[in-house]
Amino acid sequence: MRKLIVTAAVVAAVGYGFFNSHLRSNTPNANVVAYSTTDEAMQGAKGKGHSTLPRFHELMAARTPGAYTVKFPLTQNGATEHIWMQLVAFSDGRFVGLLADKPVNGNQYKMGDRMTVAEADVEDWMIRNGSDVYGGYTVRQALADMPKEQAAKYGITFKD
């Protein structure tokens, strides 16, 4: 089993709430954003995230410093949300990690739960080291959908 070296352990409370939030939120949970399944820009961002997984593997193999995360669809109570998971391992085409946000569609899962996700189900990936981010294509789209002043407050620099 190939283990990941994760240099930043505290991410859920500080950083990843943002990655599921911006202006389109219509829910009481500030970490949730509703995108239509027909939103072409977000669908394109998820497609790019998935298609660039080989780059993620390259960066993992190079032991790029940062918190490693993947985004995947999580379904419970008949509703699907797209949520980040902080990685602890990758083996045999499967990512293993801890949910980095509190799911909103039920109570079957909670932040910090250990999950296993097939690579085929990954929609996006990200390595975050402070304000520097590799990947994060759905985050890029969320930032593009925000007013520029609000997006600038996050101070994120995309590295590739």
# chains A, B, ... in the order shown; residues from 1 in each chain; ligands from 1

call {"tool": "select_by_dssp", "arguments": {"residues": "region 15-144 of chain A", "states": "alpha helix (DSSP H)", "output": "ChimeraX atom specification"}}
result
/A:17-19,40-51,53-61,137-144

call {"tool": "closest_residue", "arguments": {"among": "A:Ala41, A:Val70, A:Ala118, A:Leu53", "to": "Gln86 (chain A)", "atoms": "only C-alpha atoms"}}
result
A:Val70

call {"tool": "atom_distance", "arguments": {"atom1": "CA of Thr138 (chain A)", "atom2": "CA of Glu81 (chain A)"}}
result
13.3 Å

call {"tool": "select_by_dssp", "arguments": {"residues": "region 17-108 of chain A", "states": "strand (DSSP E or B)", "output": "PyMOL selection string"}}
result
chain A and resi 67-76+79-91+94-99

call {"tool": "write_last_selection", "arguments": {"atoms": "N, CA and C atoms", "output": "PDB file, in the first residue's frame"}}
result
ATOM      1  N   ALA A  67      -1.863  19.357   2.136  1.00  0.00           N
ATOM      2  CA  ALA A  67      -2.993  18.493   2.477  1.00  0.00           C
ATOM      3  C   ALA A  67      -3.574  17.961   1.173  1.00  0.00           C
ATOM      4  N   TYR A  68      -3.684  16.654   1.063  1.00  0.00           N
ATOM      5  CA  TYR A  68      -4.187  15.991  -0.142  1.00  0.00           C
ATOM      6  C   TYR A  68      -5.672  15.701   0.048  1.00  0.00           C
ATOM      7  N   THR A  69      -6.494  16.130  -0.909  1.00  0.00           N
ATOM      8  CA  THR A  69      -7.926  15.884  -0.823  1.00  0.00           C
ATOM      9  C   THR A  69      -8.479  15.474  -2.180  1.00  0.00           C
ATOM     10  N   VAL A  70      -9.598  14.765  -2.143  1.00  0.00           N
ATOM     11  CA  VAL A  70     -10.364  14.456  -3.347  1.00  0.00           C
ATOM     12  C   VAL A  70     -11.825  14.771  -3.069  1.00  0.00           C
ATOM     13  N   LYS A  71     -12.543  15.090  -4.125  1.00  0.00           N
ATOM     14  CA  LYS A  71     -13.970  15.397  -4.038  1.00  0.00           C
ATOM     15  C   LYS A  71     -14.727  14.292  -4.758  1.00  0.00           C
ATOM     16  N   PHE A  72     -15.819  13.871  -4.140  1.00  0.00           N
ATOM     17  CA  PHE A  72     -16.590  12.765  -4.703  1.00  0.00           C
ATOM     18  C   PHE A  72     -18.061  12.940  -4.350  1.00  0.00           C
ATOM     19  N   PRO A  73     -18.962  12.270  -5.075  1.00  0.00           N
ATOM     20  CA  PRO A  73     -20.386  12.351  -4.745  1.00  0.00           C
ATOM     21  C   PRO A  73     -20.708  11.414  -3.582  1.00  0.00           C
ATOM     22  N   LEU A  74     -21.430  11.931  -2.617  1.00  0.00           N
ATOM     23  CA  LEU A  74     -21.859  11.151  -1.449  1.00  0.00           C
ATOM     24  C   LEU A  74     -23.376  11.192  -1.412  1.00  0.00           C
ATOM     25  N   THR A  75     -24.007  10.030  -1.490  1.00  0.00           N
ATOM     26  CA  THR A  75     -25.465   9.953  -1.519  1.00  0.00           C
ATOM     27  C   THR A  75     -25.981   9.338  -0.232  1.00  0.00           C
ATOM     28  N   GLN A  76     -26.962  10.005   0.344  1.00  0.00           N
ATOM     29  CA  GLN A  76     -27.705   9.449   1.473  1.00  0.00           C
ATOM     30  C   GLN A  76     -29.092  10.079   1.465  1.00  0.00           C
ATOM     31  N   ALA A  79     -30.416  11.863  -1.699  1.00  0.00           N
ATOM     32  CA  ALA A  79     -29.842  13.117  -2.193  1.00  0.00           C
ATOM     33  C   ALA A  79     -28.324  12.974  -2.284  1.00  0.00           C
ATOM     34  N   THR A  80     -27.746  13.608  -3.283  1.00  0.00           N
ATOM     35  CA  THR A  80     -26.301  13.528  -3.495  1.00  0.00           C
ATOM     36  C   THR A  80     -25.677  14.896  -3.283  1.00  0.00           C
ATOM     37  N   GLU A  81     -24.583  14.896  -2.520  1.00  0.00           N
ATOM     38  CA  GLU A  81     -23.771  16.102  -2.372  1.00  0.00           C
ATOM     39  C   GLU A  81     -22.360  15.758  -2.810  1.00  0.00           C
ATOM     40  N   HIS A  82     -21.574  16.761  -3.075  1.00  0.00           N
ATOM     41  CA  HIS A  82     -20.214  16.567  -3.569  1.00  0.00           C
ATOM     42  C   HIS A  82     -19.294  17.118  -2.488  1.00  0.00           C
ATOM     43  N   ILE A  83     -18.503  16.235  -1.913  1.00  0.00           N
ATOM     44  CA  ILE A  83     -17.827  16.530  -0.659  1.00  0.00           C
ATOM     45  C   ILE A  83     -16.345  16.184  -0.737  1.00  0.00           C
ATOM     46  N   TRP A  84     -15.540  16.900   0.041  1.00  0.00           N
ATOM     47  CA  TRP A  84     -14.095  16.680   0.073  1.00  0.00           C
ATOM     48  C   TRP A  84     -13.732  15.665   1.140  1.00  0.00           C
ATOM     49  N   MET A  85     -12.696  14.909   0.844  1.00  0.00           N
ATOM     50  CA  MET A  85     -12.153  13.914   1.765  1.00  0.00           C
ATOM     51  C   MET A  85     -10.645  14.123   1.844  1.00  0.00           C
ATOM     52  N   GLN A  86     -10.105  14.247   3.062  1.00  0.00           N
ATOM     53  CA  GLN A  86      -8.659  14.365   3.239  1.00  0.00           C
ATOM     54  C   GLN A  86      -8.061  12.968   3.195  1.00  0.00           C
ATOM     55  N   LEU A  87      -7.048  12.786   2.351  1.00  0.00           N
ATOM     56  CA  LEU A  87      -6.499  11.459   2.109  1.00  0.00           C
ATOM     57  C   LEU A  87      -5.514  11.014   3.182  1.00  0.00           C
ATOM     58  N   VAL A  88      -5.548   9.707   3.405  1.00  0.00           N
ATOM     59  CA  VAL A  88      -4.543   9.071   4.258  1.00  0.00           C
ATOM     60  C   VAL A  88      -3.812   7.973   3.506  1.00  0.00           C
ATOM     61  N   ALA A  89      -4.398   7.472   2.395  1.00  0.00           N
ATOM     62  CA  ALA A  89      -3.747   6.404   1.636  1.00  0.00           C
ATOM     63  C   ALA A  89      -4.375   6.281   0.251  1.00  0.00           C
ATOM     64  N   PHE A  90      -3.627   5.629  -0.653  1.00  0.00           N
ATOM     65  CA  PHE A  90      -4.134   5.249  -1.971  1.00  0.00           C
ATOM     66  C   PHE A  90      -3.588   3.874  -2.276  1.00  0.00           C
ATOM     67  N   SER A  91      -4.464   2.975  -2.692  1.00  0.00           N
ATOM     68  CA  SER A  91      -4.030   1.626  -3.030  1.00  0.00           C
ATOM     69  C   SER A  91      -5.048   0.988  -3.959  1.00  0.00           C
ATOM     70  N   ARG A  94      -8.022   2.951  -5.234  1.00  0.00           N
ATOM     71  CA  ARG A  94      -8.972   3.449  -4.234  1.00  0.00           C
ATOM     72  C   ARG A  94      -8.281   4.440  -3.298  1.00  0.00           C
ATOM     73  N   PHE A  95      -8.966   5.555  -3.067  1.00  0.00           N
ATOM     74  CA  PHE A  95      -8.490   6.555  -2.115  1.00  0.00           C
ATOM     75  C   PHE A  95      -9.136   6.275  -0.761  1.00  0.00           C
ATOM     76  N   VAL A  96      -8.355   6.405   0.289  1.00  0.00           N
ATOM     77  CA  VAL A  96      -8.847   6.233   1.657  1.00  0.00           C
ATOM     78  C   VAL A  96      -8.597   7.543   2.375  1.00  0.00           C
ATOM     79  N   GLY A  97      -9.611   8.026   3.093  1.00  0.00           N
ATOM     80  CA  GLY A  97      -9.432   9.288   3.791  1.00  0.00           C
ATOM     81  C   GLY A  97     -10.550   9.564   4.768  1.00  0.00           C
ATOM     82  N   LEU A  98     -10.554  10.797   5.255  1.00  0.00           N
ATOM     83  CA  LEU A  98     -11.515  11.254   6.256  1.00  0.00           C
ATOM     84  C   LEU A  98     -12.354  12.379   5.669  1.00  0.00           C
ATOM     85  N   LEU A  99     -13.675  12.312   5.870  1.00  0.00           N
ATOM     86  CA  LEU A  99     -14.539  13.374   5.369  1.00  0.00           C
ATOM     87  C   LEU A  99     -14.098  14.704   5.959  1.00  0.00           C
TER      88      LEU A  99
END

call {"tool": "closest_residue", "arguments": {"among": "A:Thr116, A:Lys46, A:Trp125, A:Tyr109", "to": "Met60 (chain A)", "atoms": "only C-alpha atoms"}}
result
A:Trp125

call {"tool": "atom_distance", "arguments": {"atom1": "CA of Gly47 (chain A)", "atom2": "CA of Phe158 (chain A)"}}
result
17.8 Å

call {"tool": "residues_around", "arguments": {"residues": "His50 (chain A)", "least_positions_apart": "2", "cutoff": "9 Å", "atoms": "only C-alpha atoms", "output": "mmCIF file with N, CA, C and O atoms, in the first residue's frame"}}
result
data_model
loop_
_atom_site.group_PDB
_atom_site.id
_atom_site.type_symbol
_atom_site.label_atom_id
_atom_site.label_comp_id
_atom_site.auth_asym_id
_atom_site.auth_seq_id
_atom_site.Cartn_x
_atom_site.Cartn_y
_atom_site.Cartn_z
ATOM 1 N N ALA A 45 -15.788 21.655 -14.830
ATOM 2 C CA ALA A 45 -14.751 21.666 -13.789
ATOM 3 C C ALA A 45 -14.577 20.276 -13.195
ATOM 4 O O ALA A 45 -13.445 19.822 -12.957
ATOM 5 N N LYS A 46 -15.687 19.581 -12.967
ATOM 6 C CA LYS A 46 -15.591 18.208 -12.440
ATOM 7 C C LYS A 46 -14.928 17.296 -13.461
ATOM 8 O O LYS A 46 -14.106 16.444 -13.108
ATOM 9 N N GLY A 47 -15.252 17.481 -14.733
ATOM 10 C CA GLY A 47 -14.622 16.678 -15.774
ATOM 11 C C GLY A 47 -13.121 16.914 -15.840
ATOM 12 O O GLY A 47 -12.335 15.969 -15.972
ATOM 13 N N LYS A 48 -12.713 18.175 -15.713
ATOM 14 C CA LYS A 48 -11.279 18.478 -15.738
ATOM 15 C C LYS A 48 -10.600 17.900 -14.502
ATOM 16 O O LYS A 48 -9.495 17.355 -14.592
ATOM 17 N N THR A 52 -7.614 15.042 -14.911
ATOM 18 C CA THR A 52 -6.243 15.384 -14.521
ATOM 19 C C THR A 52 -5.750 14.577 -13.320
ATOM 20 O O THR A 52 -4.705 14.908 -12.742
ATOM 21 N N LEU A 53 -6.439 13.519 -12.972
ATOM 22 C CA LEU A 53 -5.969 12.652 -11.875
ATOM 23 C C LEU A 53 -4.543 12.139 -12.097
ATOM 24 O O LEU A 53 -3.803 11.995 -11.124
ATOM 25 N N PRO A 54 -4.096 11.883 -13.332
ATOM 26 C CA PRO A 54 -2.689 11.495 -13.500
ATOM 27 C C PRO A 54 -1.724 12.553 -12.950
ATOM 28 O O PRO A 54 -0.685 12.219 -12.381
ATOM 29 N N GLU A 119 -11.206 5.510 -7.530
ATOM 30 C CA GLU A 119 -10.679 6.590 -8.362
ATOM 31 C C GLU A 119 -11.679 6.990 -9.445
ATOM 32 O O GLU A 119 -11.798 8.163 -9.781
ATOM 33 N N ALA A 120 -12.429 6.045 -9.953
ATOM 34 C CA ALA A 120 -13.419 6.334 -10.992
ATOM 35 C C ALA A 120 -14.506 7.289 -10.503
ATOM 36 O O ALA A 120 -15.142 7.960 -11.312
ATOM 37 N N ASP A 121 -14.712 7.374 -9.191
ATOM 38 C CA ASP A 121 -15.747 8.238 -8.623
ATOM 39 C C ASP A 121 -15.247 9.624 -8.233
ATOM 40 O O ASP A 121 -16.034 10.468 -7.808
ATOM 41 N N VAL A 122 -13.966 9.863 -8.360
ATOM 42 C CA VAL A 122 -13.397 11.149 -7.959
ATOM 43 C C VAL A 122 -13.723 12.207 -9.013
ATOM 44 O O VAL A 122 -13.507 12.006 -10.201
ATOM 45 N N GLU A 123 -14.239 13.337 -8.544
ATOM 46 C CA GLU A 123 -14.615 14.438 -9.430
ATOM 47 C C GLU A 123 -13.570 15.547 -9.462
ATOM 48 O O GLU A 123 -13.524 16.318 -10.414
ATOM 49 N N ASP A 124 -12.782 15.655 -8.416
ATOM 50 C CA ASP A 124 -11.784 16.714 -8.338
ATOM 51 C C ASP A 124 -10.733 16.297 -7.321
ATOM 52 O O ASP A 124 -10.959 15.377 -6.522
ATOM 53 N N TRP A 125 -9.613 16.955 -7.348
ATOM 54 C CA TRP A 125 -8.524 16.687 -6.412
ATOM 55 C C TRP A 125 -7.853 18.010 -6.094
ATOM 56 O O TRP A 125 -7.995 18.991 -6.829
#

call {"tool": "decode", "arguments": {"residues": "region 126-140 of chain A", "atoms": "all heavy atoms", "output": "CSV table (one decimal), in the first residue's frame"}}
result
chain,number,residue,atom,x,y,z
A,126,MET,N,-7.1,18.0,-5.0
A,126,MET,CA,-6.5,19.2,-4.6
A,126,MET,C,-5.3,18.9,-3.6
A,126,MET,O,-5.5,18.0,-2.8
A,126,MET,CB,-7.5,20.2,-3.9
A,126,MET,CG,-7.0,21.5,-3.6
A,126,MET,SD,-8.3,22.7,-3.1
A,126,MET,CE,-9.4,21.7,-2.1
A,127,ILE,N,-4.3,19.7,-3.8
A,127,ILE,CA,-3.2,19.7,-2.8
A,127,ILE,C,-3.1,21.1,-2.3
A,127,ILE,O,-2.9,22.0,-3.2
A,127,ILE,CB,-1.9,19.2,-3.3
A,127,ILE,CG1,-2.0,17.8,-3.8
A,127,ILE,CG2,-0.8,19.3,-2.3
A,127,ILE,CD1,-0.8,17.2,-4.6
A,128,ARG,N,-3.3,21.4,-1.0
A,128,ARG,CA,-3.3,22.7,-0.5
A,128,ARG,C,-2.2,22.9,0.5
A,128,ARG,O,-2.1,22.1,1.5
A,128,ARG,CB,-4.6,23.1,0.1
A,128,ARG,CG,-4.6,24.5,0.6
A,128,ARG,CD,-6.0,25.0,1.0
A,128,ARG,NE,-5.9,26.4,1.4
A,128,ARG,CZ,-6.9,27.1,1.9
A,128,ARG,NH1,-8.1,26.5,2.0
A,128,ARG,NH2,-6.7,28.3,2.2
A,129,ASN,N,-1.3,23.8,0.2
A,129,ASN,CA,-0.2,24.1,1.1
A,129,ASN,C,-0.3,25.6,1.4
A,129,ASN,O,0.2,26.4,0.6
A,129,ASN,CB,1.2,23.7,0.5
A,129,ASN,CG,2.3,23.9,1.5
A,129,ASN,OD1,2.1,24.4,2.6
A,129,ASN,ND2,3.5,23.5,1.1
A,130,GLY,N,-0.9,26.0,2.5
A,130,GLY,CA,-1.2,27.4,2.7
A,130,GLY,C,-2.1,28.0,1.7
A,130,GLY,O,-3.2,27.4,1.4
A,131,SER,N,-1.7,29.0,1.0
A,131,SER,CA,-2.5,29.6,0.0
A,131,SER,C,-2.3,29.0,-1.4
A,131,SER,O,-3.0,29.3,-2.3
A,131,SER,CB,-2.3,31.1,0.0
A,131,SER,OG,-1.0,31.4,-0.4
A,132,ASP,N,-1.2,28.2,-1.5
A,132,ASP,CA,-0.9,27.5,-2.8
A,132,ASP,C,-1.8,26.3,-3.0
A,132,ASP,O,-1.8,25.4,-2.1
A,132,ASP,CB,0.6,27.2,-2.8
A,132,ASP,CG,1.5,28.4,-2.9
A,132,ASP,OD1,1.0,29.5,-3.2
A,132,ASP,OD2,2.7,28.2,-2.6
A,133,VAL,N,-2.4,26.2,-4.1
A,133,VAL,CA,-3.3,25.0,-4.4
A,133,VAL,C,-2.9,24.5,-5.8
A,133,VAL,O,-2.8,25.2,-6.8
A,133,VAL,CB,-4.7,25.5,-4.4
A,133,VAL,CG1,-5.7,24.4,-4.9
A,133,VAL,CG2,-5.1,25.9,-3.0
A,134,TYR,N,-2.8,23.2,-5.8
A,134,TYR,CA,-2.7,22.4,-7.1
A,134,TYR,C,-4.1,21.8,-7.3
A,134,TYR,O,-4.7,21.3,-6.3
A,134,TYR,CB,-1.6,21.3,-7.0
A,134,TYR,CG,-0.2,21.8,-6.9
A,134,TYR,CD1,0.4,22.0,-5.7
A,134,TYR,CD2,0.5,22.0,-8.1
A,134,TYR,CE1,1.7,22.4,-5.6
A,134,TYR,CE2,1.8,22.4,-8.0
A,134,TYR,CZ,2.4,22.6,-6.8
A,134,TYR,OH,3.7,23.1,-6.7
A,135,GLY,N,-4.5,21.7,-8.5
A,135,GLY,CA,-5.8,21.1,-8.8
A,135,GLY,C,-6.9,22.0,-8.4
A,135,GLY,O,-6.9,23.2,-8.6
A,136,GLY,N,-8.0,21.5,-7.8
A,136,GLY,CA,-9.1,22.3,-7.2
A,136,GLY,C,-9.9,23.0,-8.3
A,136,GLY,O,-10.3,24.1,-8.2
A,137,TYR,N,-10.2,22.2,-9.4
A,137,TYR,CA,-10.9,22.8,-10.5
A,137,TYR,C,-12.3,23.2,-10.2
A,137,TYR,O,-12.8,24.2,-10.7
A,137,TYR,CB,-10.9,21.8,-11.7
A,137,TYR,CG,-9.4,21.6,-12.1
A,137,TYR,CD1,-8.8,20.4,-11.7
A,137,TYR,CD2,-8.7,22.6,-12.8
A,137,TYR,CE1,-7.4,20.2,-12.0
A,137,TYR,CE2,-7.4,22.4,-13.1
A,137,TYR,CZ,-6.7,21.2,-12.7
A,137,TYR,OH,-5.4,21.0,-13.0
A,138,THR,N,-13.0,22.5,-9.3
A,138,THR,CA,-14.4,23.0,-8.8
A,138,THR,C,-14.2,24.2,-8.0
A,138,THR,O,-15.1,25.0,-8.0
A,138,THR,CB,-15.1,21.8,-8.1
A,138,THR,OG1,-14.4,21.4,-7.0
A,138,THR,CG2,-15.4,20.7,-9.1
A,139,VAL,N,-13.1,24.3,-7.2
A,139,VAL,CA,-12.9,25.5,-6.4
A,139,VAL,C,-12.7,26.7,-7.3
A,139,VAL,O,-13.2,27.8,-7.1
A,139,VAL,CB,-11.7,25.3,-5.5
A,139,VAL,CG1,-11.3,26.6,-4.8
A,139,VAL,CG2,-11.9,24.2,-4.5
A,140,ARG,N,-11.9,26.5,-8.4
A,140,ARG,CA,-11.7,27.6,-9.4
A,140,ARG,C,-13.0,28.1,-9.9
A,140,ARG,O,-13.2,29.3,-10.1
A,140,ARG,CB,-10.8,27.1,-10.5
A,140,ARG,CG,-9.4,26.7,-10.0
A,140,ARG,CD,-8.6,26.1,-11.1
A,140,ARG,NE,-7.4,25.4,-10.6
A,140,ARG,CZ,-6.2,25.4,-11.2
A,140,ARG,NH1,-6.0,26.0,-12.3
A,140,ARG,NH2,-5.2,24.8,-10.6
